[in-house]
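**Q** Quick one: structure below, then a few questions.
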Amino acid sequence: MNALSIGKIISESERKLKIKLIGDSITHGQGGTGFSCDGEQFFLTVRRNPNGYCWANLFKEHLEKKYSCEVINNGICGNCAAHFLINFNAQVDADDDVVFCMLGTNDRSQRRDAKELHASEEHLNIYSNNVDKICEFFHNKGIDNVVLMSCIPAIEDCETPDSIRHFKACDIDTVVRDAAEKYGFPFISMYTLVCDWCEKNKAEWSSFLVDRVHPNDAGYKVMFDLIIKELGL
């Protein structure tokens, strides 16, 4: 199954589908105009960003307008694969028909006050193992229509591994791609799509970021367009 197959499931469904978005601040919508966590409280103290400009809200508006579905954005600022694993059942429901999952940007870093710091290769292996466990959790919950997504690039100085940030966005792309192949999940390489889009349009991705990591409105629009195209929607 590939991303186009998921798009076909969404576009041809005769019943209302429940579609869940899992991610970090880039799915939550940080950096977009109007970003404000003043919506429904859905996880601990986390509130949704109902009106901010971001790829997830564009995605929700587009799909709910054109197809029979409800799109629920469970993106959480600061979320990472390790935290998502701990709180999996609080964020994913057995009746979710399709889940889009994009985690990894925050997994690159270790807290500066962490008691035990890992070497770069070890830290990447921990992330890879967590992605495998996430895939197993989805299978065990009976959710097979899961689209794994790699993360977008950051600017160059945020891509340089150091004592805290241990791997790059391209490493996330490789890990998630391998997991998708291993577990038979569709994969959308946001990293490759954005890099190719920038090359084709002779654009610097840094101009589409509001800071070192988070997209501005134009960056979120690029993300939305690329995702919709991959799904054939």
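By order of appearance in the structure tokens: chains A, B, ..., then residues from 1 within every chain, and ligands from 1 in the order shown.
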So which residues of range 6-232 of chain A fall under strand (DSSP E) by DSSP, listed as a list in words?

**A**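 Result set for range 6-232 of chain A (strand (DSSP E)): Leu17, Lys18, Ile19, Lys20, Leu21, Ile22, Gly23, Gln41, Phe42, Phe43, Val46, Arg47, Cys69, Glu70, Val71, Ile72, Asn73, Val98, Val99, Phe100, Cys101, Met102, Val146, Val147, Leu148, Met149, Phe187 and Ile188 of chain A.
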
**Q** Next, the residues of the selection above should be written as a CSV table (one decimal), in the first residue's frame with N, CA, C and O atoms.

**A**
```
chain,number,residue,atom,x,y,z
A,17,LEU,N,-15.2,8.7,7.7
A,17,LEU,CA,-13.9,8.2,8.3
A,17,LEU,C,-13.4,9.1,9.4
A,17,LEU,O,-13.6,10.3,9.4
A,18,LYS,N,-12.8,8.5,10.4
A,18,LYS,CA,-12.1,9.3,11.4
A,18,LYS,C,-10.6,9.3,11.2
A,18,LYS,O,-10.0,8.2,11.2
A,19,ILE,N,-10.1,10.4,10.9
A,19,ILE,CA,-8.7,10.6,10.5
A,19,ILE,C,-7.9,11.3,11.6
A,19,ILE,O,-8.3,12.4,12.0
A,20,LYS,N,-6.8,10.7,12.1
A,20,LYS,CA,-6.1,11.3,13.2
A,20,LYS,C,-4.7,11.8,12.7
A,20,LYS,O,-4.0,11.1,11.9
A,21,LEU,N,-4.3,12.9,13.1
A,21,LEU,CA,-3.0,13.5,12.8
A,21,LEU,C,-2.1,13.4,14.1
A,21,LEU,O,-2.5,14.0,15.1
A,22,ILE,N,-1.0,12.7,14.1
A,22,ILE,CA,-0.1,12.6,15.2
A,22,ILE,C,1.2,13.3,14.8
A,22,ILE,O,1.8,13.1,13.8
A,23,GLY,N,1.7,14.2,15.7
A,23,GLY,CA,3.0,14.9,15.4
A,23,GLY,C,3.4,15.8,16.5
A,23,GLY,O,2.9,15.7,17.7
A,41,GLN,N,-9.3,21.1,25.0
A,41,GLN,CA,-8.3,20.4,25.7
A,41,GLN,C,-8.4,18.9,25.5
A,41,GLN,O,-9.5,18.3,25.7
A,42,PHE,N,-7.3,18.3,25.0
A,42,PHE,CA,-7.5,16.9,24.6
A,42,PHE,C,-6.5,15.9,25.2
A,42,PHE,O,-6.7,14.7,25.2
A,43,PHE,N,-5.4,16.4,25.7
A,43,PHE,CA,-4.4,15.6,26.4
A,43,PHE,C,-3.7,16.3,27.5
A,43,PHE,O,-3.0,17.3,27.3
A,46,VAL,N,-2.9,20.0,27.2
A,46,VAL,CA,-2.7,20.4,25.9
A,46,VAL,C,-4.0,20.8,25.2
A,46,VAL,O,-5.0,20.1,25.3
A,47,ARG,N,-4.0,21.9,24.6
A,47,ARG,CA,-5.2,22.4,23.8
A,47,ARG,C,-4.9,22.5,22.4
A,47,ARG,O,-3.8,22.7,21.9
A,69,CYS,N,-15.4,12.7,6.1
A,69,CYS,CA,-14.4,12.4,7.1
A,69,CYS,C,-14.4,13.5,8.2
A,69,CYS,O,-14.9,14.6,8.0
A,70,GLU,N,-13.8,13.1,9.3
A,70,GLU,CA,-13.5,14.0,10.4
A,70,GLU,C,-12.0,13.9,10.6
A,70,GLU,O,-11.5,12.9,10.8
A,71,VAL,N,-11.4,15.1,10.6
A,71,VAL,CA,-9.9,15.1,10.8
A,71,VAL,C,-9.6,15.7,12.1
A,71,VAL,O,-10.1,16.8,12.5
A,72,ILE,N,-8.9,14.9,13.0
A,72,ILE,CA,-8.6,15.4,14.4
A,72,ILE,C,-7.1,15.5,14.5
A,72,ILE,O,-6.3,14.6,14.3
A,73,ASN,N,-6.7,16.7,14.8
A,73,ASN,CA,-5.3,17.1,15.0
A,73,ASN,C,-4.8,16.8,16.4
A,73,ASN,O,-5.1,17.6,17.3
A,98,VAL,N,-7.8,6.2,9.7
A,98,VAL,CA,-6.6,6.5,9.1
A,98,VAL,C,-5.8,7.4,10.1
A,98,VAL,O,-6.3,8.3,10.7
A,99,VAL,N,-4.5,7.1,10.2
A,99,VAL,CA,-3.6,7.9,11.1
A,99,VAL,C,-2.4,8.4,10.2
A,99,VAL,O,-1.8,7.6,9.6
A,100,PHE,N,-2.1,9.7,10.3
A,100,PHE,CA,-0.9,10.2,9.8
A,100,PHE,C,0.0,10.5,10.9
A,100,PHE,O,-0.4,11.2,11.9
A,101,CYS,N,1.3,10.1,10.8
A,101,CYS,CA,2.2,10.2,12.0
A,101,CYS,C,3.5,10.8,11.5
A,101,CYS,O,4.2,10.2,10.7
A,102,MET,N,3.9,11.9,12.1
A,102,MET,CA,5.1,12.6,11.7
A,102,MET,C,5.8,13.0,13.0
A,102,MET,O,5.5,14.0,13.6
A,146,VAL,N,-2.1,3.5,8.3
A,146,VAL,CA,-1.2,4.4,8.9
A,146,VAL,C,-0.2,5.0,7.9
A,146,VAL,O,0.5,4.2,7.2
A,147,VAL,N,-0.1,6.3,7.8
A,147,VAL,CA,0.8,6.9,6.9
A,147,VAL,C,2.0,7.4,7.7
A,147,VAL,O,1.8,8.4,8.5
A,148,LEU,N,3.2,6.9,7.6
A,148,LEU,CA,4.3,7.4,8.3
A,148,LEU,C,5.0,8.5,7.4
A,148,LEU,O,5.1,8.4,6.2
A,149,MET,N,5.3,9.6,8.1
A,149,MET,CA,5.8,10.8,7.4
A,149,MET,C,7.2,11.1,8.1
A,149,MET,O,7.3,11.2,9.3
A,187,PHE,N,4.4,5.6,3.1
A,187,PHE,CA,5.4,6.5,3.5
A,187,PHE,C,5.3,7.8,2.7
A,187,PHE,O,5.3,7.7,1.5
A,188,ILE,N,5.3,8.9,3.4
A,188,ILE,CA,5.5,10.2,2.7
A,188,ILE,C,6.8,10.9,3.2
A,188,ILE,O,6.9,11.2,4.4
```

**Q** Find the residues around Leu4 in chain A up to 9 Å (only C-alpha atoms counted), leave out those fewer than 4 positions away in its own chain, and share them as a ChimeraX atom specification.

**A** /A:8-9,186,229-233

**Q** Measuring between only C-alpha atoms, which one of A:Gly78, A:Trp205, A:Phe59, A:Ala94 shows the shortest distance to Gly142 in chain A?

**A**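 For Gly142 in chain A, the nearest of the given residues is A:Ala94.
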
**Q** Counting only C-alpha atoms, what is within 12 Å of Asp196 in chain A, bar same-chain residues fewer than 5 positions away, as a ChimeraX atom specification?

**A** /A:152-153,189-191,201-205,222,226

**Q** Please save N, CA and C atoms of the selected residues as a PDB file, in the first residue's frame.

**A**
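The result, written out as selection-v4.pdb:
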```
ATOM      1  N   ILE A 152      10.325  17.604   7.911  1.00  0.00           N
ATOM      2  CA  ILE A 152      10.872  18.573   6.967  1.00  0.00           C
ATOM      3  C   ILE A 152      12.291  18.958   7.365  1.00  0.00           C
ATOM      4  N   PRO A 153      13.071  19.500   6.425  1.00  0.00           N
ATOM      5  CA  PRO A 153      14.416  19.968   6.782  1.00  0.00           C
ATOM      6  C   PRO A 153      14.350  21.167   7.726  1.00  0.00           C
ATOM      7  N   SER A 189       7.717  11.010   2.285  1.00  0.00           N
ATOM      8  CA  SER A 189       9.001  11.604   2.641  1.00  0.00           C
ATOM      9  C   SER A 189       8.897  13.121   2.540  1.00  0.00           C
ATOM     10  N   MET A 190       8.506  13.764   3.635  1.00  0.00           N
ATOM     11  CA  MET A 190       8.432  15.223   3.628  1.00  0.00           C
ATOM     12  C   MET A 190       9.812  15.835   3.412  1.00  0.00           C
ATOM     13  N   TYR A 191      10.824  15.168   3.906  1.00  0.00           N
ATOM     14  CA  TYR A 191      12.187  15.671   3.727  1.00  0.00           C
ATOM     15  C   TYR A 191      12.548  15.741   2.241  1.00  0.00           C
ATOM     16  N   ASN A 201      12.121  24.885  -7.608  1.00  0.00           N
ATOM     17  CA  ASN A 201      11.667  26.277  -7.597  1.00  0.00           C
ATOM     18  C   ASN A 201      12.776  27.269  -7.245  1.00  0.00           C
ATOM     19  N   LYS A 202      14.020  26.750  -7.180  1.00  0.00           N
ATOM     20  CA  LYS A 202      15.179  27.582  -6.857  1.00  0.00           C
ATOM     21  C   LYS A 202      14.912  28.430  -5.607  1.00  0.00           C
ATOM     22  N   ALA A 203      14.415  27.765  -4.582  1.00  0.00           N
ATOM     23  CA  ALA A 203      14.030  28.438  -3.340  1.00  0.00           C
ATOM     24  C   ALA A 203      14.917  27.992  -2.191  1.00  0.00           C
ATOM     25  N   GLU A 204      15.150  28.888  -1.263  1.00  0.00           N
ATOM     26  CA  GLU A 204      15.864  28.575  -0.028  1.00  0.00           C
ATOM     27  C   GLU A 204      14.828  28.254   1.050  1.00  0.00           C
ATOM     28  N   TRP A 205      14.887  27.032   1.604  1.00  0.00           N
ATOM     29  CA  TRP A 205      13.881  26.626   2.584  1.00  0.00           C
ATOM     30  C   TRP A 205      13.893  27.525   3.816  1.00  0.00           C
ATOM     31  N   VAL A 222       3.249  25.110   1.421  1.00  0.00           N
ATOM     32  CA  VAL A 222       4.039  24.171   0.618  1.00  0.00           C
ATOM     33  C   VAL A 222       3.842  22.756   1.143  1.00  0.00           C
ATOM     34  N   LEU A 226       2.133  19.610  -0.998  1.00  0.00           N
ATOM     35  CA  LEU A 226       2.906  18.395  -1.273  1.00  0.00           C
ATOM     36  C   LEU A 226       2.195  17.151  -0.735  1.00  0.00           C
TER      37      LEU A 226
END
```

**Q** Write out as an mmCIF file with N, CA, C and O atoms, in the first residue's frame the residues lying within 12 Å of Ile172 in chain A, counting only C-alpha atoms and excluding same-chain residues fewer than 4 positions away.

**A**
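Okay, this is what ended up in part_25.cif:
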```cif
data_model
loop_
_atom_site.group_PDB
_atom_site.id
_atom_site.type_symbol
_atom_site.label_atom_id
_atom_site.label_comp_id
_atom_site.auth_asym_id
_atom_site.auth_seq_id
_atom_site.Cartn_x
_atom_site.Cartn_y
_atom_site.Cartn_z
ATOM 1 N N CYS A 80 7.564 13.737 20.829
ATOM 2 C CA CYS A 80 8.593 12.948 20.162
ATOM 3 C C CYS A 80 8.166 11.489 20.195
ATOM 4 O O CYS A 80 7.178 11.131 20.843
ATOM 5 N N ALA A 81 8.895 10.648 19.495
ATOM 6 C CA ALA A 81 8.517 9.235 19.416
ATOM 7 C C ALA A 81 8.482 8.589 20.798
ATOM 8 O O ALA A 81 7.577 7.813 21.104
ATOM 9 N N MET A 102 3.864 11.938 12.053
ATOM 10 C CA MET A 102 5.115 12.609 11.705
ATOM 11 C C MET A 102 5.840 13.024 12.985
ATOM 12 O O MET A 102 5.527 14.048 13.595
ATOM 13 N N LEU A 103 6.798 12.218 13.403
ATOM 14 C CA LEU A 103 7.560 12.465 14.626
ATOM 15 C C LEU A 103 9.046 12.252 14.358
ATOM 16 O O LEU A 103 9.425 11.375 13.585
ATOM 17 N N GLY A 104 9.873 13.050 15.012
ATOM 18 C CA GLY A 104 11.311 12.855 14.864
ATOM 19 C C GLY A 104 12.140 14.101 15.093
ATOM 20 O O GLY A 104 13.291 14.012 15.539
ATOM 21 N N THR A 105 11.583 15.271 14.800
ATOM 22 C CA THR A 105 12.351 16.508 14.960
ATOM 23 C C THR A 105 12.870 16.656 16.390
ATOM 24 O O THR A 105 14.045 16.978 16.612
ATOM 25 N N ASN A 106 12.015 16.411 17.370
ATOM 26 C CA ASN A 106 12.427 16.561 18.769
ATOM 27 C C ASN A 106 13.249 15.378 19.275
ATOM 28 O O ASN A 106 13.939 15.494 20.295
ATOM 29 N N ASP A 107 13.178 14.259 18.571
ATOM 30 C CA ASP A 107 13.949 13.082 18.987
ATOM 31 C C ASP A 107 15.440 13.264 18.745
ATOM 32 O O ASP A 107 16.259 12.545 19.324
ATOM 33 N N ARG A 108 15.793 14.220 17.900
ATOM 34 C CA ARG A 108 17.221 14.431 17.612
ATOM 35 C C ARG A 108 17.971 14.935 18.834
ATOM 36 O O ARG A 108 19.176 14.747 18.950
ATOM 37 N N HIS A 123 21.948 7.202 20.128
ATOM 38 C CA HIS A 123 20.734 8.021 20.183
ATOM 39 C C HIS A 123 19.860 7.770 18.953
ATOM 40 O O HIS A 123 18.638 7.679 19.058
ATOM 41 N N LEU A 124 20.480 7.650 17.787
ATOM 42 C CA LEU A 124 19.733 7.354 16.570
ATOM 43 C C LEU A 124 19.103 5.970 16.648
ATOM 44 O O LEU A 124 17.964 5.769 16.213
ATOM 45 N N ASN A 125 19.825 5.000 17.219
ATOM 46 C CA ASN A 125 19.279 3.647 17.369
ATOM 47 C C ASN A 125 18.075 3.636 18.307
ATOM 48 O O ASN A 125 17.110 2.892 18.084
ATOM 49 N N ILE A 126 18.121 4.451 19.359
ATOM 50 C CA ILE A 126 16.983 4.545 20.271
ATOM 51 C C ILE A 126 15.767 5.078 19.535
ATOM 52 O O ILE A 126 14.655 4.550 19.675
ATOM 53 N N TYR A 127 15.965 6.116 18.734
ATOM 54 C CA TYR A 127 14.859 6.662 17.940
ATOM 55 C C TYR A 127 14.314 5.606 16.975
ATOM 56 O O TYR A 127 13.100 5.416 16.855
ATOM 57 N N SER A 128 15.210 4.896 16.307
ATOM 58 C CA SER A 128 14.793 3.863 15.353
ATOM 59 C C SER A 128 13.981 2.772 16.046
ATOM 60 O O SER A 128 12.942 2.327 15.532
ATOM 61 N N ASN A 130 12.233 3.112 18.751
ATOM 62 C CA ASN A 130 10.946 3.681 19.149
ATOM 63 C C ASN A 130 9.981 3.746 17.971
ATOM 64 O O ASN A 130 8.782 3.512 18.133
ATOM 65 N N VAL A 131 10.492 4.058 16.789
ATOM 66 C CA VAL A 131 9.642 4.075 15.596
ATOM 67 C C VAL A 131 9.121 2.668 15.313
ATOM 68 O O VAL A 131 7.946 2.486 14.967
ATOM 69 N N LEU A 148 3.160 6.861 7.566
ATOM 70 C CA LEU A 148 4.346 7.362 8.259
ATOM 71 C C LEU A 148 4.951 8.499 7.431
ATOM 72 O O LEU A 148 5.093 8.377 6.216
ATOM 73 N N MET A 149 5.289 9.584 8.109
ATOM 74 C CA MET A 149 5.822 10.755 7.427
ATOM 75 C C MET A 149 7.152 11.147 8.061
ATOM 76 O O MET A 149 7.261 11.218 9.283
ATOM 77 N N SER A 150 8.158 11.411 7.240
ATOM 78 C CA SER A 150 9.399 11.952 7.783
ATOM 79 C C SER A 150 9.235 13.451 7.982
ATOM 80 O O SER A 150 8.234 14.048 7.579
ATOM 81 N N CYS A 151 10.210 14.062 8.633
ATOM 82 C CA CYS A 151 10.117 15.470 8.995
ATOM 83 C C CYS A 151 10.741 16.365 7.924
ATOM 84 O O CYS A 151 11.594 15.941 7.153
ATOM 85 N N ILE A 152 10.325 17.604 7.911
ATOM 86 C CA ILE A 152 10.872 18.573 6.967
ATOM 87 C C ILE A 152 12.291 18.958 7.365
ATOM 88 O O ILE A 152 12.693 18.784 8.522
ATOM 89 N N PRO A 153 13.071 19.500 6.425
ATOM 90 C CA PRO A 153 14.416 19.968 6.782
ATOM 91 C C PRO A 153 14.350 21.167 7.726
ATOM 92 O O PRO A 153 13.357 21.897 7.760
ATOM 93 N N ALA A 154 15.407 21.350 8.491
ATOM 94 C CA ALA A 154 15.602 22.564 9.278
ATOM 95 C C ALA A 154 16.698 23.380 8.603
ATOM 96 O O ALA A 154 17.272 22.957 7.590
ATOM 97 N N GLU A 159 20.907 21.651 11.721
ATOM 98 C CA GLU A 159 21.104 20.316 11.186
ATOM 99 C C GLU A 159 22.463 19.741 11.590
ATOM 100 O O GLU A 159 22.767 18.597 11.303
ATOM 101 N N HIS A 166 21.786 15.045 17.998
ATOM 102 C CA HIS A 166 22.654 13.946 17.572
ATOM 103 C C HIS A 166 22.503 13.484 16.127
ATOM 104 O O HIS A 166 23.361 12.757 15.632
ATOM 105 N N PHE A 167 21.433 13.829 15.459
ATOM 106 C CA PHE A 167 21.313 13.398 14.071
ATOM 107 C C PHE A 167 20.499 14.403 13.268
ATOM 108 O O PHE A 167 19.954 15.357 13.824
ATOM 109 N N LYS A 168 20.454 14.192 11.952
ATOM 110 C CA LYS A 168 19.878 15.167 11.038
ATOM 111 C C LYS A 168 18.489 14.744 10.566
ATOM 112 O O LYS A 168 18.070 13.605 10.763
ATOM 113 N N VAL A 176 12.430 6.401 9.177
ATOM 114 C CA VAL A 176 10.987 6.255 8.963
ATOM 115 C C VAL A 176 10.711 5.499 7.664
ATOM 116 O O VAL A 176 9.803 4.667 7.592
ATOM 117 N N ARG A 177 11.514 5.756 6.640
ATOM 118 C CA ARG A 177 11.367 5.030 5.369
ATOM 119 C C ARG A 177 11.568 3.527 5.586
ATOM 120 O O ARG A 177 10.785 2.702 5.088
ATOM 121 N N ASP A 178 12.609 3.177 6.333
ATOM 122 C CA ASP A 178 12.905 1.766 6.593
ATOM 123 C C ASP A 178 11.781 1.107 7.398
ATOM 124 O O ASP A 178 11.399 -0.044 7.138
ATOM 125 N N ALA A 179 11.249 1.834 8.390
ATOM 126 C CA ALA A 179 10.160 1.281 9.206
ATOM 127 C C ALA A 179 8.907 1.072 8.374
ATOM 128 O O ALA A 179 8.212 0.055 8.523
ATOM 129 N N SER A 189 7.717 11.010 2.285
ATOM 130 C CA SER A 189 9.001 11.604 2.641
ATOM 131 C C SER A 189 8.897 13.121 2.540
ATOM 132 O O SER A 189 9.170 13.708 1.489
ATOM 133 N N MET A 190 8.506 13.764 3.635
ATOM 134 C CA MET A 190 8.432 15.223 3.628
ATOM 135 C C MET A 190 9.812 15.835 3.412
ATOM 136 O O MET A 190 9.943 16.891 2.776
ATOM 137 N N TYR A 191 10.824 15.168 3.906
ATOM 138 C CA TYR A 191 12.187 15.671 3.727
ATOM 139 C C TYR A 191 12.548 15.741 2.241
ATOM 140 O O TYR A 191 12.960 16.787 1.731
ATOM 141 N N THR A 192 12.352 14.639 1.537
ATOM 142 C CA THR A 192 12.700 14.602 0.118
ATOM 143 C C THR A 192 11.790 15.511 -0.699
ATOM 144 O O THR A 192 12.255 16.223 -1.606
#
```

**Q** Let me make sure I understand: among A:Asn145, A:Thr45, A:Thr27, A:Ser36, which one has the smallest atom-to-atom distance to Tyr183 in chain A if we use only C-alpha atoms?

**A**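 For Tyr183 in chain A, the nearest of the candidates is A:Asn145.
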
**Q** Which polymer residues have any atom within 8 Å of an atom of Gly29 in chain A, counting only C-alpha atoms, with same-chain residues fewer than 3 positions away left out, as a PyMOL selection string?

**A** chain A and resi 25-26+32+35+49+52-56

**Q** Can you measure CA of Cys135 in chain A to CA of Ala180 in chain A for me? One decimal in Å is fine.

**A**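 CA of Ala180 in chain A lies at a distance of 8.2 Å from CA of Cys135 in chain A.
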
**Q** So, counting only C-alpha atoms, which residue among A:Phe137, A:Lys60, A:Asp225, A:Ile6 is closest to Asn87 in chain A?

**A**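 Among the listed residues, the smallest separation from Asn87 in chain A belongs to A:Phe137.
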